[in-house]
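Have a look at the structure below, then the notes.
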Amino acid sequence: MKTNESSGPPAVRVQNVYKAFGRRPQNIVQKLKDGATRDELKSQGTAAVIDASFEVPAGEIFVVMGLSGSGKSTLIRTLNGIQPPTAGSVELSGEDITAVSPARLRAIRREHTSMVFQHFALLPHRTVGQNAAYALEVRGVSRSERERRAEEALSMVGLSGYGGFRPDELSGGMRQRVGLARALAAETDLMLMDEAFSALDPLIRKEMQDQLLELQQELGKTIVFITHDLNEAMRLGNRIAMMRDGRIVQIGTTEEILNDPANDYVAQFVQDVDRTRVLTAGDVMEPPVALLGAEQGPRAAHRLMRQHQTTALCVVDKGRKLQGVVYESDAAEGVSSGKDTLDGLIRPMPATASTTVLAELINAASEHPAGLAVIDQAGRLDGVIPRITLLNALADPTATGSVHEISQEVGA
Ligand SMILES: Nc1ncnc2c1ncn2[C@@H]1O[C@H](COP(=O)(O)OP(=O)(O)OP(=O)(O)O)[C@@H](O)[C@H]1O
């Protein structure tokens, strides 16, 4: 089989990166390579990043998290060359930025990366529109073009019409939106976000996270996002890198980090999530998207999915007993092969009781794109938990939900 050569190099490839501060950073790195610990080298300086390696495919949100001082900011600054690594290489779309001329590095930084900071870093004497257009101005884009792109970016973050305001006329949340708009207007493929939402109050913060996820869906940017907040990391990250004392100690999906923490440090972060976890499956259950007898044909199933904008349907028998799930692709295939019933197209769907604690469900849900079914003691379908709802709920211990009655019983 052919490998996917066309997919090209990853957006970011970091290989054995070290960054040390001190009078002789090279010496510090050499000693680390020879086996010295970070603590042993304290008198000579700080080993801020030690032997970091990872890849971020284009379009991924890669979250770096860890306690204060663990090296997150230093690591992210090596990705656009603001702080070149002491050793190791950083490739952006296949180009090694540690091996290019300073002029080329500046060009790469301008054209391909943008950064969003915790404290907005807006220019106070410029308007919101001028701030949003700033990266384009630096790049020498014409005034009319940058005004057009800045306005477009402002409208993407919900700030249409604010272009003429000054930053101090806006709330904190709005200012952070301007920071985001500035990064979007630059139309770079890599966005680096350093604690970008950490200064916002919880509600606004959640709103911004949602907006970022939406924009990401729409624009497919590659994002490296730093946070020290595990809930935020789990909400946003396709994968999470956990840093401790300069080292990446684990890289994984939310599920992997929750289920299989690499060491006690990671386990402690995860434990915090578990301690606050009071939600049960019933709390986040939704009405089943649709119920359908297996005797209904694939065409009807397909039509219902379209009607409900979903890609999967629970299938129940006449007694409302769960039979499984049918996916859109299977239904479509059934239609094209002229099948009359759903027989052979129904796949097993994991089910749970409404009282099961959410944290226990993550394994089952992670393997099933349609999520979980919630059933009563007699095996009758009460509701569903789409996979994304489960992940969101796990990532947000303050979320509340209510148990829904089955309200839709949709016949074909
Ligand atoms: N320019 C610098 N000169 C000397 N030491 C530095 C410099 N920048 C960072 N450090 C040190 O490197 C270590 C890692 O810092 P860094 O800011 O990367 O951590 P962080 O995980 O981002 O922390 P925070 O969440 O507090 O920003 C810290 O011990 C810090 O004091």
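In the structure tokens, each chain is lettered A, B, ... as it comes, each chain's residues begin at 1, and ligands are numbered from 1 in order of appearance.
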* Please provide as a VMD selection string all residues within 7 Å of region 250-257 of chain A, with the sequence filter that same-chain residues fewer than 3 positions apart are discarded (counting only C-alpha atoms). => chain A and resid 234 238 to 242 260 to 262 362
* Please give me, as an MDAnalysis selection string, the residues lying within 6 Å of ligand 1 when counting only C-alpha atoms and all ligand atoms. => chainID A and resid 21 46 48 67:74
Residues of region 249-328 of chain A at most 7 Å from region 332-349 of chain A: nearest atom pair and distance in Å, only C-alpha atoms, as a tab-separated table:
```
residue	atom	partner	partner_atom	distance
A:Ala294	CA	A:Leu342	CA	5.3
A:Glu295	CA	A:Thr341	CA	5.0
A:Gln296	CA	A:Thr341	CA	5.5
A:Gly297	CA	A:Thr341	CA	4.0
A:Pro298	CA	A:Gly334	CA	5.6
A:Arg299	CA	A:Val335	CA	5.6
A:His302	CA	A:Ala332	CA	6.7
A:Gly324	CA	A:Pro348	CA	4.6
A:Val325	CA	A:Arg347	CA	5.2
A:Val326	CA	A:Ile346	CA	4.9
A:Glu328	CA	A:Ala332	CA	6.0
```
DSSP-assigned alpha helix (DSSP H) among region 192-348 of chain A, expressed as a short mmCIF file (atom, residue, chain, number, x, y, z; two decimals) with C-alpha atoms, in the first residue's frame:
```
data_model
loop_
_atom_site.label_atom_id
_atom_site.label_comp_id
_atom_site.auth_asym_id
_atom_site.auth_seq_id
_atom_site.Cartn_x
_atom_site.Cartn_y
_atom_site.Cartn_z
CA PRO A 202 -14.46 31.56 33.86
CA LEU A 203 -17.55 32.25 31.77
CA ILE A 204 -15.79 34.40 29.21
CA ARG A 205 -12.95 31.94 29.19
CA LYS A 206 -15.27 29.10 28.28
CA GLU A 207 -16.83 31.26 25.57
CA MET A 208 -13.40 31.95 24.12
CA GLN A 209 -12.52 28.26 24.20
CA ASP A 210 -15.71 27.45 22.31
CA GLN A 211 -14.97 30.15 19.80
CA LEU A 212 -11.45 28.89 19.27
CA LEU A 213 -12.76 25.38 18.66
CA GLU A 214 -15.25 26.74 16.14
CA LEU A 215 -12.64 28.80 14.34
CA GLN A 216 -10.35 25.82 14.32
CA GLN A 217 -13.03 23.70 12.66
CA GLU A 218 -13.56 26.38 10.07
CA LEU A 219 -9.98 27.42 9.37
CA LEU A 230 -6.06 20.72 32.87
CA ASN A 231 -9.72 21.40 32.18
CA GLU A 232 -8.79 23.85 29.48
CA ALA A 233 -6.21 21.43 28.10
CA MET A 234 -8.79 18.67 27.86
CA ARG A 235 -11.41 20.89 26.26
CA LEU A 236 -9.10 22.19 23.58
CA THR A 254 -7.16 13.30 26.93
CA GLU A 255 -8.16 9.67 27.25
CA GLU A 256 -4.58 8.47 27.44
CA ILE A 257 -3.62 11.07 30.02
CA LEU A 258 -6.68 10.31 32.15
CA ASN A 259 -6.50 6.55 31.90
CA ASP A 264 2.74 10.49 39.80
CA TYR A 265 3.05 14.07 38.59
CA VAL A 266 0.59 13.49 35.77
CA ALA A 267 -1.59 11.34 38.02
CA GLN A 268 -1.86 14.23 40.43
CA PHE A 269 -3.23 16.55 37.76
CA VAL A 270 -5.70 13.88 36.76
CA GLN A 271 -6.68 13.18 40.32
CA ASP A 272 -7.80 16.78 40.63
CA VAL A 273 -10.23 16.12 37.83
CA ASP A 274 -11.50 12.97 39.47
CA ARG A 275 -11.96 14.61 42.84
CA THR A 276 -14.23 17.24 41.44
CA ALA A 281 -24.05 9.62 32.92
CA GLY A 282 -27.63 10.71 33.59
CA ASP A 283 -26.53 14.31 34.07
CA VAL A 284 -25.26 14.69 30.55
CA PRO A 298 -31.48 2.35 5.20
CA ARG A 299 -33.11 5.08 3.15
CA ALA A 300 -35.32 6.07 6.07
CA ALA A 301 -32.36 5.94 8.43
CA HIS A 302 -30.37 8.15 6.14
CA ARG A 303 -33.19 10.66 5.84
CA LEU A 304 -33.55 10.86 9.62
CA MET A 305 -29.87 11.43 10.08
CA ARG A 306 -29.98 14.30 7.67
CA GLN A 307 -33.05 15.71 9.31
CA GLU A 328 -24.41 7.20 8.07
CA SER A 329 -21.79 5.53 5.90
CA ASP A 330 -23.38 2.11 6.45
CA ALA A 331 -26.84 3.46 5.75
CA ALA A 332 -25.59 5.09 2.56
CA GLU A 333 -24.03 1.84 1.47
CA GLY A 334 -27.30 0.05 2.27
CA VAL A 335 -29.16 2.52 0.07
CA SER A 336 -26.81 2.06 -2.85
#
```
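Neighbours of Gly22 (chain A) closer than or equal to 10 Å, with only C-alpha atoms counted and sequence neighbours fewer than 2 positions away skipped, come out as Ala20, Arg24, Pro25, Gln26, Asn27, Ile28, Lys42, Ser43, Gln44, Gly45, Thr46 and Ala47 of chain A.
Across region 172-308 of chain A, DSSP run on the backbone finds strand (DSSP E) at Leu190, Met191, Leu192, Met193, Asp194, Thr222, Ile223, Val224, Phe225, Ile226, Thr227, Arg239, Ile240, Ala241, Met242, Met243, Arg244, Arg247, Ile248, Val249, Gln250, Ile251 and Gly252 of chain A.
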Produce a file of the selected residues containing N, CA and C atoms, as a PDB file, in the first residue's frame.
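again16.pdb, freshly written:
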```pdb
ATOM      1  N   LEU A 190       0.396  28.692  11.595  1.00  0.00           N
ATOM      2  CA  LEU A 190       0.684  28.254  12.966  1.00  0.00           C
ATOM      3  C   LEU A 190       0.348  29.357  13.964  1.00  0.00           C
ATOM      4  N   MET A 191      -0.517  29.030  14.925  1.00  0.00           N
ATOM      5  CA  MET A 191      -0.825  29.994  15.971  1.00  0.00           C
ATOM      6  C   MET A 191      -0.276  29.485  17.296  1.00  0.00           C
ATOM      7  N   LEU A 192       0.487  30.349  17.971  1.00  0.00           N
ATOM      8  CA  LEU A 192       1.054  29.991  19.267  1.00  0.00           C
ATOM      9  C   LEU A 192       0.299  30.774  20.322  1.00  0.00           C
ATOM     10  N   MET A 193      -0.277  30.085  21.272  1.00  0.00           N
ATOM     11  CA  MET A 193      -1.118  30.774  22.253  1.00  0.00           C
ATOM     12  C   MET A 193      -0.590  30.477  23.655  1.00  0.00           C
ATOM     13  N   ASP A 194      -0.070  31.518  24.308  1.00  0.00           N
ATOM     14  CA  ASP A 194       0.573  31.337  25.609  1.00  0.00           C
ATOM     15  C   ASP A 194      -0.367  31.806  26.714  1.00  0.00           C
ATOM     16  N   THR A 222      -3.072  25.189  12.671  1.00  0.00           N
ATOM     17  CA  THR A 222      -2.312  24.402  13.633  1.00  0.00           C
ATOM     18  C   THR A 222      -2.109  25.303  14.844  1.00  0.00           C
ATOM     19  N   ILE A 223      -2.445  24.797  16.018  1.00  0.00           N
ATOM     20  CA  ILE A 223      -2.361  25.641  17.207  1.00  0.00           C
ATOM     21  C   ILE A 223      -1.553  24.938  18.289  1.00  0.00           C
ATOM     22  N   VAL A 224      -0.582  25.656  18.836  1.00  0.00           N
ATOM     23  CA  VAL A 224       0.094  25.165  20.035  1.00  0.00           C
ATOM     24  C   VAL A 224      -0.367  26.071  21.162  1.00  0.00           C
ATOM     25  N   PHE A 225      -0.991  25.470  22.150  1.00  0.00           N
ATOM     26  CA  PHE A 225      -1.688  26.236  23.181  1.00  0.00           C
ATOM     27  C   PHE A 225      -1.103  25.878  24.544  1.00  0.00           C
ATOM     28  N   ILE A 226      -0.620  26.898  25.255  1.00  0.00           N
ATOM     29  CA  ILE A 226      -0.073  26.648  26.587  1.00  0.00           C
ATOM     30  C   ILE A 226      -1.116  26.952  27.646  1.00  0.00           C
ATOM     31  N   THR A 227      -1.221  26.083  28.602  1.00  0.00           N
ATOM     32  CA  THR A 227      -2.083  26.381  29.739  1.00  0.00           C
ATOM     33  C   THR A 227      -1.566  25.622  30.949  1.00  0.00           C
ATOM     34  N   ARG A 239      -4.166  16.658  21.446  1.00  0.00           N
ATOM     35  CA  ARG A 239      -3.212  15.947  22.296  1.00  0.00           C
ATOM     36  C   ARG A 239      -2.635  16.939  23.303  1.00  0.00           C
ATOM     37  N   ILE A 240      -2.157  16.375  24.403  1.00  0.00           N
ATOM     38  CA  ILE A 240      -1.622  17.199  25.480  1.00  0.00           C
ATOM     39  C   ILE A 240      -0.207  16.727  25.793  1.00  0.00           C
ATOM     40  N   ALA A 241       0.712  17.694  25.909  1.00  0.00           N
ATOM     41  CA  ALA A 241       2.058  17.361  26.382  1.00  0.00           C
ATOM     42  C   ALA A 241       2.169  17.867  27.816  1.00  0.00           C
ATOM     43  N   MET A 242       2.538  16.993  28.720  1.00  0.00           N
ATOM     44  CA  MET A 242       2.676  17.391  30.120  1.00  0.00           C
ATOM     45  C   MET A 242       4.144  17.676  30.401  1.00  0.00           C
ATOM     46  N   MET A 243       4.435  18.873  30.911  1.00  0.00           N
ATOM     47  CA  MET A 243       5.827  19.230  31.213  1.00  0.00           C
ATOM     48  C   MET A 243       6.071  19.290  32.707  1.00  0.00           C
ATOM     49  N   ARG A 244       7.244  18.847  33.085  1.00  0.00           N
ATOM     50  CA  ARG A 244       7.656  18.979  34.480  1.00  0.00           C
ATOM     51  C   ARG A 244       9.152  19.265  34.534  1.00  0.00           C
ATOM     52  N   ARG A 247      11.132  19.011  31.367  1.00  0.00           N
ATOM     53  CA  ARG A 247      10.988  17.827  30.498  1.00  0.00           C
ATOM     54  C   ARG A 247       9.532  17.563  30.159  1.00  0.00           C
ATOM     55  N   ILE A 248       9.326  17.040  28.934  1.00  0.00           N
ATOM     56  CA  ILE A 248       7.986  16.544  28.597  1.00  0.00           C
ATOM     57  C   ILE A 248       7.892  15.138  29.171  1.00  0.00           C
ATOM     58  N   VAL A 249       6.966  14.947  30.097  1.00  0.00           N
ATOM     59  CA  VAL A 249       6.901  13.632  30.748  1.00  0.00           C
ATOM     60  C   VAL A 249       5.844  12.730  30.128  1.00  0.00           C
ATOM     61  N   GLN A 250       4.911  13.311  29.390  1.00  0.00           N
ATOM     62  CA  GLN A 250       3.930  12.479  28.693  1.00  0.00           C
ATOM     63  C   GLN A 250       3.285  13.291  27.574  1.00  0.00           C
ATOM     64  N   ILE A 251       3.039  12.616  26.463  1.00  0.00           N
ATOM     65  CA  ILE A 251       2.245  13.218  25.395  1.00  0.00           C
ATOM     66  C   ILE A 251       1.126  12.253  25.089  1.00  0.00           C
ATOM     67  N   GLY A 252      -0.105  12.742  25.080  1.00  0.00           N
ATOM     68  CA  GLY A 252      -1.195  11.820  24.776  1.00  0.00           C
ATOM     69  C   GLY A 252      -2.506  12.540  24.579  1.00  0.00           C
TER      70      GLY A 252
END
```
For region 129-157 of chain A against region 94-114 of chain A, with a cut-off of 9 Å and counting only C-alpha atoms, what is the closest atom pair and its distance in Å to one decimal for every residue that makes the cut, ordered by chain and number, as a tab-separated table?
```
residue	atom	partner	partner_atom	distance
A:Ala135	CA	A:Arg110	CA	7.4
A:Leu136	CA	A:Arg110	CA	8.8
A:Val138	CA	A:Arg110	CA	8.1
A:Arg139	CA	A:Arg110	CA	6.9
```
* Do a neighbour search on Asp317 (chain A) at 7 Å with only C-alpha atoms, toss out local chain neighbours closer than 3 positions, and write the hits as a count of residues only. => 6
* May I have the residues within 6 Å of Ala351 (chain A) as a list in words, using only C-alpha atoms and disregarding those fewer than 3 positions away in the same chain? => Leu372, Ala373 and Val374 of chain A
Export C-alpha atoms of the chosen residues as a PDB file, in the first residue's frame?
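Output file out.pdb follows:
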```pdb
ATOM      1  CA  LEU A 372     -22.728   5.795  24.640  1.00  0.00           C
ATOM      2  CA  ALA A 373     -26.309   4.733  25.029  1.00  0.00           C
ATOM      3  CA  VAL A 374     -27.947   5.102  28.421  1.00  0.00           C
TER       4      VAL A 374
END
```
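One distance worth recording is that between CA of Ile385 (chain A) and CA of Met65 (chain A), which is 27.8 Å.
The two atoms in question, CA of Thr78 (chain A) and CA of Val90 (chain A), are spaced 7.5 Å apart.
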